[in-house]
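Accompanying notes for the structure given below.
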Amino acid sequence: MKMLLLATLSLTGATLAQAAPIEVFNADTQCASRMTGTGERFVPPCQFSSQSMTADRNTAYSSDGLVRNGSFKTILNYNFVCESLRPLSVRYTLSAGSDASETNRIAGSRINEINTLSMVHGNHDADLVFNGLDGVVGFQAIKPGCQLNVNQLLTYPEPSYFGQLASHLVTHNGVIKSLVSIAQPSTNSVQLVSSIDNTLDLLSNLTFDIEDPIFLDQITTAQADLERSKAVFTNNCRAGSSSSHCTIELSRLRQVLQNNLTWNEAGIRSLHTYLSEQTRWLSGQSIGRDALVLSNAVNRLRSRL
């Protein structure tokens, strides 16, 4: 799954797998001290050791296929206040499996604020490594108080992905239930074919946005089954016909719909359980609008339980 890295300037708060905040760099203790005409300054050489951190996450109920195939979001909150003669930065690598890795730099700033980096990826686990310090070769002078702290490293379900998945499952549930209610012996073939056409259109619209391969396979299989039933009812049945072909096909159609509905309802239950656990776990975190999106997804799924 393609990885996306975003940088923003927003205040959030959460916990690290380690105790937060974590001090990554402190010029006062890691660089040489020198008195100047304007006061104490810190200069090269600076001692910097690589540091590794693992994102805090909750993997409860994460074994279901719909969850495993999902997208996850890792956010890094840090504070790097630093005033120096030349730009000073710390190199990092944020990775979540072999298909999602980003190496970049965090630059010091005169403004004392919390900054956020976020990465969207297809893996439950994410690791952060601070592996180098740039700007400490040659002539450099750093004011006291230059310090990089990590306040949060957290991985959780990517809200947009799981919100959309929940919405599609609920829509799929309603579409199939509607056709089940119409696929009755008392329904004439013209009305049944018209309802099948409407269902095919609705399912076709769903396929444009569904990213999960298991869900997509369910939809495409259902479409093929519905096309077959439509052909049988169109070519062999008339309103009020008691042909055995019609009776057999109606029975087969109802079984196909029931199987599809059984899969859908199991998916809704498992995703509801997973996202409910995640929202409970995240309730103590400040993740902004992401919390609302995940909560709305839970409510949407609960409406079909």
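Residue numbering restarts at 1 in every chain; chains get A, B, ... in the order shown in the structure tokens, and ligands count up from 1 in that same order.
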
Nearby residues (only C-alpha atoms) at most 10 Å from stretch 99-106 of chain A, same-chain spacing under 4 positions excluded, as a ChimeraX atom specification: /A:1-5,78-80,88-95,115,117,119-123,126-134,148

Put those residues in a file: C-alpha atoms, as a PDB file, in the first residue's frame.
```pdb
ATOM      1  CA  MET A   1       0.000   0.000   0.000  1.00  0.00           C
ATOM      2  CA  LYS A   2       1.343   3.389  -0.878  1.00  0.00           C
ATOM      3  CA  MET A   3       2.682   5.417   2.015  1.00  0.00           C
ATOM      4  CA  LEU A   4       1.886   9.063   2.538  1.00  0.00           C
ATOM      5  CA  LEU A   5       3.799  11.459   4.803  1.00  0.00           C
ATOM      6  CA  TYR A  78       7.610  16.773  18.804  1.00  0.00           C
ATOM      7  CA  ASN A  79       9.033  20.039  20.072  1.00  0.00           C
ATOM      8  CA  PHE A  80      12.362  21.283  18.699  1.00  0.00           C
ATOM      9  CA  LEU A  88      20.402  22.720  12.928  1.00  0.00           C
ATOM     10  CA  SER A  89      18.364  19.586  12.190  1.00  0.00           C
ATOM     11  CA  VAL A  90      17.977  15.968  13.269  1.00  0.00           C
ATOM     12  CA  ARG A  91      17.604  13.169  10.708  1.00  0.00           C
ATOM     13  CA  TYR A  92      14.921  10.546  11.269  1.00  0.00           C
ATOM     14  CA  THR A  93      13.411   7.476   9.633  1.00  0.00           C
ATOM     15  CA  LEU A  94       9.760   6.664  10.259  1.00  0.00           C
ATOM     16  CA  SER A  95       8.876   3.201   9.006  1.00  0.00           C
ATOM     17  CA  ASN A 115       4.753  20.113  15.636  1.00  0.00           C
ATOM     18  CA  LEU A 117       4.228  14.601  11.412  1.00  0.00           C
ATOM     19  CA  MET A 119       2.234   8.873   8.007  1.00  0.00           C
ATOM     20  CA  VAL A 120      -0.499   6.718   6.478  1.00  0.00           C
ATOM     21  CA  HIS A 121       0.485   3.111   5.844  1.00  0.00           C
ATOM     22  CA  GLY A 122      -0.745  -0.476   5.698  1.00  0.00           C
ATOM     23  CA  ASN A 123       0.816  -1.886   8.835  1.00  0.00           C
ATOM     24  CA  ALA A 126       5.483   1.758  13.217  1.00  0.00           C
ATOM     25  CA  ASP A 127       8.997   2.561  14.370  1.00  0.00           C
ATOM     26  CA  LEU A 128      10.884   5.822  14.567  1.00  0.00           C
ATOM     27  CA  VAL A 129      14.675   6.129  14.505  1.00  0.00           C
ATOM     28  CA  PHE A 130      16.557   9.395  15.058  1.00  0.00           C
ATOM     29  CA  ASN A 131      19.837   8.622  13.364  1.00  0.00           C
ATOM     30  CA  GLY A 132      21.849  11.781  12.801  1.00  0.00           C
ATOM     31  CA  LEU A 133      22.498  15.425  13.575  1.00  0.00           C
ATOM     32  CA  ASP A 134      23.119  17.972  10.801  1.00  0.00           C
ATOM     33  CA  LEU A 148      14.357  18.203  20.739  1.00  0.00           C
TER      34      LEU A 148
END
```

Backbone-only DSSP, strand (DSSP E) members of stretch 52-274 of chain A, as a PyMOL selection string: chain A and resi 52-54+72-81+89-95+101-107+115-121+127-134+147-157

message: Set the distance at 10 Å and use only C-alpha atoms: which residues neighbour A:Cys237 once local chain neighbours fewer than 3 positions away are removed? I'd like the list as a PyMOL selection string.
response: chain A and resi 188-190+231-234+240-247

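One distance worth recording is that between atom CA of A:Pro21 and atom CA of A:Asn151, which is 4.5 Å.
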
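Taking atom CA of A:Ser186 and atom CA of A:Arg228 as endpoints, the distance between them is 20.3 Å.
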
- request: Considering only C-alpha atoms, return as a PyMOL selection string whatever protein or nucleic-acid residues lie within 7 Å of stretch 178-185 of chain A, sequence-local ones (same chain, fewer than 2 positions apart) excluded.
  value: chain A and resi 174-176+187+192+195+250+254+257

task: May I have the residues within 12 Å of A:Arg34 as a ChimeraX atom specification, using only C-alpha atoms and disregarding those fewer than 3 positions away in the same chain?
output: /A:27-28,31,37-45,140-144

message: I need the residues of stretch 70-259 of chain A that end up classed as alpha helix (DSSP H) by DSSP on the backbone, written out as a PyMOL selection string.
response: chain A and resi 159-182+189-207+213-236+244-259

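In this model, the gap between atom CA of A:Ser270 and atom CA of A:Asn69 comes to 13.6 Å.
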